[in-house]
file input-v9.txt (compact mmCIF, C-alpha atoms and all ligand atoms)
# COMPACT_ATOMS: atom_id res chain seq x y z
CA MET A 148 -10.55 -32.75 56.44
CA ASP A 149 -11.78 -33.33 52.89
CA VAL A 150 -14.34 -30.56 53.28
CA LEU A 151 -11.67 -28.15 54.48
CA LEU A 152 -9.40 -28.89 51.55
CA ALA A 153 -12.22 -28.87 49.03
CA ASN A 154 -13.11 -25.39 50.22
CA ALA A 155 -9.58 -24.07 49.97
CA LYS A 156 -10.24 -22.07 46.80
CA LYS A 157 -13.63 -20.87 47.91
CA PRO A 158 -14.10 -17.56 49.66
CA LEU A 159 -12.91 -17.70 53.27
CA GLY A 160 -11.41 -21.17 53.02
CA SER A 161 -13.16 -23.25 55.63
CA VAL A 162 -14.47 -20.65 58.02
CA GLY A 163 -17.48 -18.98 56.38
CA VAL A 164 -18.53 -15.39 56.97
CA TYR A 165 -19.45 -15.89 60.64
CA GLY A 166 -16.12 -17.61 61.33
CA ALA A 167 -14.25 -14.84 59.50
CA ARG A 168 -15.97 -12.24 61.69
CA VAL A 169 -15.04 -14.15 64.86
CA LEU A 170 -11.44 -14.58 63.67
CA ALA A 171 -11.13 -10.91 62.74
CA GLN A 172 -12.55 -9.90 66.12
CA MET A 173 -9.84 -11.97 67.85
CA HIS A 174 -7.10 -10.50 65.69
CA LYS A 175 -8.29 -6.90 65.57
CA GLU A 176 -6.70 -5.82 68.83
CA TYR A 177 -3.30 -6.99 67.62
CA TYR A 178 -3.64 -5.32 64.21
CA GLU A 179 -5.01 -2.10 65.68
CA ARG A 180 -1.77 -1.76 67.60
CA VAL A 181 0.16 -2.51 64.41
CA PHE A 182 -1.70 0.07 62.33
CA GLU A 183 -1.74 2.78 64.98
CA GLU A 184 1.66 2.41 66.63
CA LEU A 185 4.11 0.04 65.01
CA TRP A 186 3.57 0.81 61.32
CA PRO A 187 1.16 3.73 61.21
CA VAL A 188 -1.09 3.60 58.17
CA ALA A 189 -2.47 7.13 58.38
CA GLY A 190 -2.36 8.64 54.89
CA LYS A 191 -1.09 5.35 53.39
CA ARG A 192 -2.57 3.32 50.57
CA VAL A 193 -3.11 -0.17 52.00
CA LEU A 194 -3.77 -3.11 49.70
CA GLU A 195 -5.38 -6.14 51.33
CA ILE A 196 -4.62 -9.24 49.25
CA GLY A 197 -7.24 -12.00 49.61
CA CYS A 198 -9.48 -9.59 51.50
CA GLY A 199 -12.47 -11.95 51.80
CA TYR A 200 -15.29 -9.95 53.36
CA ALA A 201 -12.86 -7.11 54.21
CA MET A 202 -13.04 -7.62 57.96
CA TYR A 203 -10.06 -5.30 58.51
CA ALA A 204 -11.21 -2.50 56.21
CA GLU A 205 -13.04 -0.61 58.94
CA VAL A 206 -10.09 -0.59 61.34
CA LEU A 207 -7.68 0.41 58.56
CA VAL A 208 -9.87 3.30 57.44
CA ALA A 209 -10.41 4.33 61.08
CA CYS A 210 -6.61 4.47 61.39
CA GLY A 211 -6.48 6.83 58.40
CA ALA A 212 -5.62 4.46 55.53
CA GLU A 213 -6.94 4.48 52.00
CA TYR A 214 -8.22 0.90 51.66
CA ILE A 215 -8.04 -1.28 48.54
CA GLY A 216 -9.11 -4.92 48.72
CA ILE A 217 -8.57 -7.61 46.12
CA ASP A 218 -9.87 -11.17 46.10
CA HIS A 219 -10.28 -13.77 43.37
CA SER A 220 -13.85 -14.47 44.43
CA ALA A 221 -16.31 -12.31 42.48
CA ASP A 222 -19.05 -12.99 45.05
CA VAL A 223 -17.14 -11.62 48.03
CA ILE A 224 -15.96 -8.58 46.06
CA ALA A 225 -19.55 -7.80 45.07
CA GLU A 226 -20.58 -8.00 48.72
CA CYS A 227 -17.62 -5.89 49.89
CA ARG A 228 -18.62 -3.11 47.47
CA VAL A 229 -22.07 -2.98 49.04
CA GLU A 230 -20.98 -3.40 52.67
CA PHE A 231 -17.98 -1.11 52.61
CA PRO A 232 -18.40 1.66 50.02
CA GLU A 233 -15.50 3.61 51.59
CA GLY A 234 -13.11 1.01 50.15
CA THR A 235 -12.03 0.23 46.59
CA PHE A 236 -12.38 -3.42 45.57
CA PHE A 237 -11.14 -5.44 42.62
CA CYS A 238 -11.81 -9.04 41.68
CA ARG A 239 -8.21 -10.11 40.94
CA ASP A 240 -5.87 -12.98 41.45
CA ALA A 241 -3.03 -12.25 43.86
CA MET A 242 -0.51 -13.21 41.18
CA ASP A 243 -1.61 -10.69 38.64
CA GLY A 244 -2.35 -7.03 38.08
CA LEU A 245 -2.19 -5.80 41.66
CA PRO A 246 -2.47 -2.05 42.20
CA PHE A 247 0.47 -0.11 43.68
CA CYS A 248 0.37 0.54 47.42
CA ASP A 249 2.33 1.76 50.43
CA MET A 250 1.53 -1.37 52.40
CA ALA A 251 0.37 -4.83 51.37
CA PHE A 252 -1.58 -6.76 53.98
CA MET A 253 -2.44 -10.47 53.87
CA VAL A 254 -4.22 -12.33 56.66
CA ASN A 255 -5.05 -16.02 56.57
CA VAL A 256 -4.42 -16.26 52.83
CA LEU A 257 -0.88 -17.56 52.39
CA GLN A 258 -1.71 -21.00 53.79
CA TRP A 259 -4.42 -21.48 51.14
CA MET A 260 -2.18 -20.67 48.20
CA ASP A 261 -0.54 -23.19 45.87
CA GLU A 262 2.36 -20.83 45.27
CA PRO A 263 2.84 -18.63 48.32
CA LEU A 264 6.31 -17.48 47.30
CA ALA A 265 5.04 -16.37 43.87
CA ALA A 266 2.26 -14.42 45.61
CA LEU A 267 4.77 -12.67 47.88
CA ARG A 268 6.91 -11.82 44.84
CA ALA A 269 3.86 -10.36 43.09
CA ALA A 270 3.16 -8.26 46.18
CA GLN A 271 6.78 -7.11 46.34
CA ARG A 272 6.47 -5.71 42.80
CA VAL A 273 3.62 -3.38 43.77
CA VAL A 274 4.70 -2.12 47.20
CA VAL A 275 6.48 1.22 46.73
CA PRO A 276 10.18 1.23 47.68
CA GLY A 277 10.38 1.64 51.44
CA GLY A 278 6.78 0.44 51.85
CA LYS A 279 5.86 -2.66 53.85
CA ILE A 280 4.20 -6.00 53.67
CA VAL A 281 2.39 -7.43 56.72
CA VAL A 282 1.52 -11.13 56.44
CA GLY A 283 -0.47 -13.01 59.09
CA THR A 284 -0.67 -16.81 58.93
CA PRO A 285 -0.99 -19.64 61.49
CA ASP A 286 2.26 -21.08 62.80
CA ARG A 287 2.73 -24.62 61.48
CA ASP A 288 4.50 -25.62 64.66
CA CYS A 289 1.76 -24.36 66.92
CA SER A 290 -1.55 -24.81 65.16
CA ARG A 291 -4.46 -27.17 65.59
CA ARG A 292 -4.54 -27.34 61.80
CA SER A 293 -0.95 -28.41 61.41
CA LYS A 294 -1.88 -32.03 60.84
CA ILE A 295 -4.01 -31.29 57.82
CA ASP A 296 -2.10 -32.38 54.74
CA GLY A 297 -2.18 -29.92 51.93
CA LEU A 298 -2.72 -26.77 53.96
CA GLY A 299 0.45 -24.77 53.37
CA LEU A 300 1.27 -23.77 56.91
CA CYS A 301 4.76 -22.46 57.51
CA SER A 302 7.07 -21.96 60.45
CA ALA A 303 8.54 -18.61 61.51
CA ASN A 304 11.74 -19.61 59.73
CA ASP A 305 9.89 -20.52 56.50
CA LEU A 306 8.06 -17.19 56.54
CA THR A 307 11.29 -15.27 57.08
CA LEU A 308 12.96 -17.10 54.19
CA MET A 309 9.98 -16.64 51.87
CA LEU A 310 9.75 -12.89 52.52
CA ASP A 311 13.48 -12.62 52.01
CA ASP A 312 13.32 -14.68 48.78
CA ALA A 313 10.46 -12.51 47.55
CA GLY A 314 12.77 -9.49 47.73
CA PHE A 315 11.70 -7.89 51.02
CA SER A 316 14.39 -6.65 53.40
CA PHE A 317 14.58 -6.04 57.16
CA VAL A 318 12.29 -9.04 57.60
CA THR A 319 10.94 -9.65 61.11
CA VAL A 320 8.40 -12.19 62.34
CA ASP A 321 6.25 -11.50 65.38
CA ASP A 322 3.54 -13.76 66.81
CA PHE A 323 0.43 -13.79 68.96
CA GLU A 324 -1.94 -16.46 70.18
CA ALA A 325 -5.69 -16.64 69.66
CA LYS A 326 -7.90 -19.60 70.55
CA LYS A 327 -5.01 -22.04 70.98
CA THR A 328 -3.56 -21.18 67.57
CA ARG A 329 -0.34 -19.23 67.28
CA TYR A 330 -0.29 -16.71 64.43
CA LEU A 331 2.87 -15.45 62.78
CA ILE A 332 3.07 -11.91 61.50
CA GLY A 333 5.82 -11.43 58.98
CA VAL A 334 6.88 -7.92 58.08
CA GLY A 335 9.25 -6.87 55.34
CA VAL A 336 10.29 -3.66 53.62
CA ALA A 337 10.10 -3.39 49.82
C1 LIG B 1 -9.47 -17.58 54.78
S1 LIG B 1 -9.94 -16.26 53.70
C2 LIG B 1 -9.30 -14.84 54.57
C3 LIG B 1 -10.02 -13.58 54.19
C4 LIG B 1 -9.55 -12.32 54.92
N1 LIG B 1 -8.15 -12.06 54.65
C5 LIG B 1 -9.82 -12.44 56.41
O1 LIG B 1 -8.86 -12.63 57.17
O2 LIG B 1 -10.99 -12.33 56.80
C6 LIG B 1 -8.84 -16.42 52.30
C7 LIG B 1 -9.23 -15.49 51.16
O3 LIG B 1 -8.18 -15.49 50.21
C8 LIG B 1 -8.75 -15.48 48.91
N2 LIG B 1 -7.73 -16.02 48.00
C9 LIG B 1 -7.13 -17.24 48.06
N3 LIG B 1 -6.24 -17.38 47.04
C10 LIG B 1 -6.29 -16.21 46.33
C11 LIG B 1 -5.61 -15.75 45.17
N4 LIG B 1 -4.71 -16.50 44.54
N5 LIG B 1 -5.90 -14.52 44.71
C12 LIG B 1 -6.81 -13.73 45.34
N6 LIG B 1 -7.50 -14.12 46.43
C13 LIG B 1 -7.24 -15.35 46.94
C14 LIG B 1 -10.01 -16.35 49.05
O4 LIG B 1 -10.96 -16.09 48.03
C15 LIG B 1 -10.49 -15.93 50.43
O5 LIG B 1 -11.41 -14.87 50.38
call {"tool": "encode", "arguments": {"input": "input-v9.txt", "output": "structure tokens", "more": "lines below"}}
Ligand SMILES: C[S@@+](CC[C@H](N)C(=O)[O-])C[C@H]1O[C@@H](n2cnc3c(N)ncnc32)[C@H](O)[C@@H]1O
result
Amino acid sequence: MDVLLANAKKPLGSVGVYGARVLAQMHKEYYERVFEELWPVAGKRVLEIGCGYAMYAEVLVACGAEYIGIDHSADVIAECRVEFPEGTFFCRDAMDGLPFCDMAFMVNVLQWMDEPLAALRAAQRVVVPGGKIVVGTPDRDCSRRSKIDGLGLCSANDLTLMLDDAGFSFVTVDDFEAKKTRYLIGVGVA
């Protein structure tokens, strides 16, 4: 537990690059459906906040999006620039200086943040009116990690309230299960 918490501000939290790849593989099918059918990203500027090693960049670009990734870790951003030259990457904190976008996308980031609501408010300021935010995070009530103090897991209700408080409207929360962990996907319109 101490190791997990100590790593919270490091790239990829506790999972490392291999773990991130495995996680993204499990989640890709769900997000592909999101990006192709539910909220098509073709021709849209998508900003991934806390992009880590940009595991979703390929699928977003394949679905026709212009991809921008930001992360506060300079190391991962340097690697992303080499590994995924089709994307645009900035080393930035989620609270500050985000570029404008049609859709903000955050996966497995909110639970590591000290101020998740402030991060959602910062995202709300840069999503164009009518654009969307898509936030994926483990469900506190249905997660193997829920007993770890200090990891900011939220419930579906918390996520709805936070997105609402951050200024998003038409908020909905969907979910899916992967490896015995339930993930919430909150969506709101700016
Ligand atoms: C568990 S990783 C998830 C990475 C990626 N979203 C994925 O699903 O593969 C969390 C990422 O969020 C980044 N992060 C955490 N807090 C951040 C902040 N305040 N600003 C920018 N990036 C942040 C970390 O550096 C890390 O790369």
call {"tool": "closest_residue", "arguments": {"input": "input-v9.txt", "among": "A:Gly190, A:Gly283, A:Pro232, A:Gly314", "to": "ligand LIG 1 (chain B)", "atoms": "all atoms listed in the file"}}
result
A:Gly283
call {"tool": "closest_residue", "arguments": {"input": "input-v9.txt", "among": "A:Glu213, A:Asp261, A:Asp322, A:Asp249", "to": "ligand LIG 1 (chain B)", "atoms": "all atoms listed in the file"}}
result
A:Asp261
call {"tool": "closest_residue", "arguments": {"input": "input-v9.txt", "among": "A:Ala313, A:Val282, A:Ala325, A:Leu257", "to": "A:Glu176", "atoms": "all atoms listed in the file"}}
result
A:Ala325
call {"tool": "axis_aligned_box", "arguments": {"input": "input-v9.txt", "around": "ligand LIG 1 (chain B)", "padding_each_side": "6 Å", "output": "JSON"}}
result
{"center_x": -8.1, "center_y": -14.8, "center_z": 50.9, "size_x": 18.7, "size_y": 17.5, "size_z": 24.6}
call {"tool": "residues_around", "arguments": {"input": "input-v9.txt", "residues": "A:Val208", "least_positions_apart": "6", "cutoff": "10 Å", "atoms": "only C-alpha atoms", "output": "MDAnalysis selection string"}}
result
chainID A and resid 188:191 193 214 233:234
call {"tool": "write_last_selection", "arguments": {"input": "input-v9.txt", "atoms": "C-alpha atoms", "output": "PDB file, in the coordinates of the input"}}
result
ATOM      1  CA  VAL A 188      -1.090   3.600  58.170  1.00  0.00           C
ATOM      2  CA  ALA A 189      -2.470   7.130  58.380  1.00  0.00           C
ATOM      3  CA  GLY A 190      -2.360   8.640  54.890  1.00  0.00           C
ATOM      4  CA  LYS A 191      -1.090   5.350  53.390  1.00  0.00           C
ATOM      5  CA  VAL A 193      -3.110  -0.170  52.000  1.00  0.00           C
ATOM      6  CA  TYR A 214      -8.220   0.900  51.660  1.00  0.00           C
ATOM      7  CA  GLU A 233     -15.500   3.610  51.590  1.00  0.00           C
ATOM      8  CA  GLY A 234     -13.110   1.010  50.150  1.00  0.00           C
TER       9      GLY A 234
END
call {"tool": "residues_near_point", "arguments": {"input": "input-v9.txt", "point": "(-3.8, -16.6, 51.8)", "cutoff": "12 Å", "atoms": "all atoms listed in the file", "output": "PyMOL selection string"}}
result
chain A and resi 155-160+195-199+217-219+240-242+252-267+282-285+298-301
call {"tool": "atom_distance", "arguments": {"input": "input-v9.txt", "atom1": "atom CA of A:Asp286", "atom2": "atom C1 of ligand LIG 1 (chain B)"}}
result
14.6 Å
call {"tool": "residues_around", "arguments": {"input": "input-v9.txt", "residues": "A:Val336", "least_positions_apart": "3", "cutoff": "8 Å", "atoms": "all atoms listed in the file", "output": "list in words"}}
result
Pro276, Gly277, Gly278, Lys279, Ile280, Phe315, Ser316, Phe317 and Val318 of chain A
call {"tool": "closest_residue", "arguments": {"input": "input-v9.txt", "among": "A:Arg287, A:Arg192, A:Arg239, A:Arg268", "to": "ligand LIG 1 (chain B)", "atoms": "all atoms listed in the file"}}
result
A:Arg239
call {"tool": "atom_distance", "arguments": {"input": "input-v9.txt", "atom1": "atom CA of A:Glu184", "atom2": "atom CA of A:Gly335"}}
result
16.5 Å
call {"tool": "closest_residue", "arguments": {"input": "input-v9.txt", "among": "A:Ser302, A:Gly211, A:Trp186, A:Tyr330", "to": "ligand LIG 1 (chain B)", "atoms": "only C-alpha atoms and all ligand atoms"}}
result
A:Tyr330
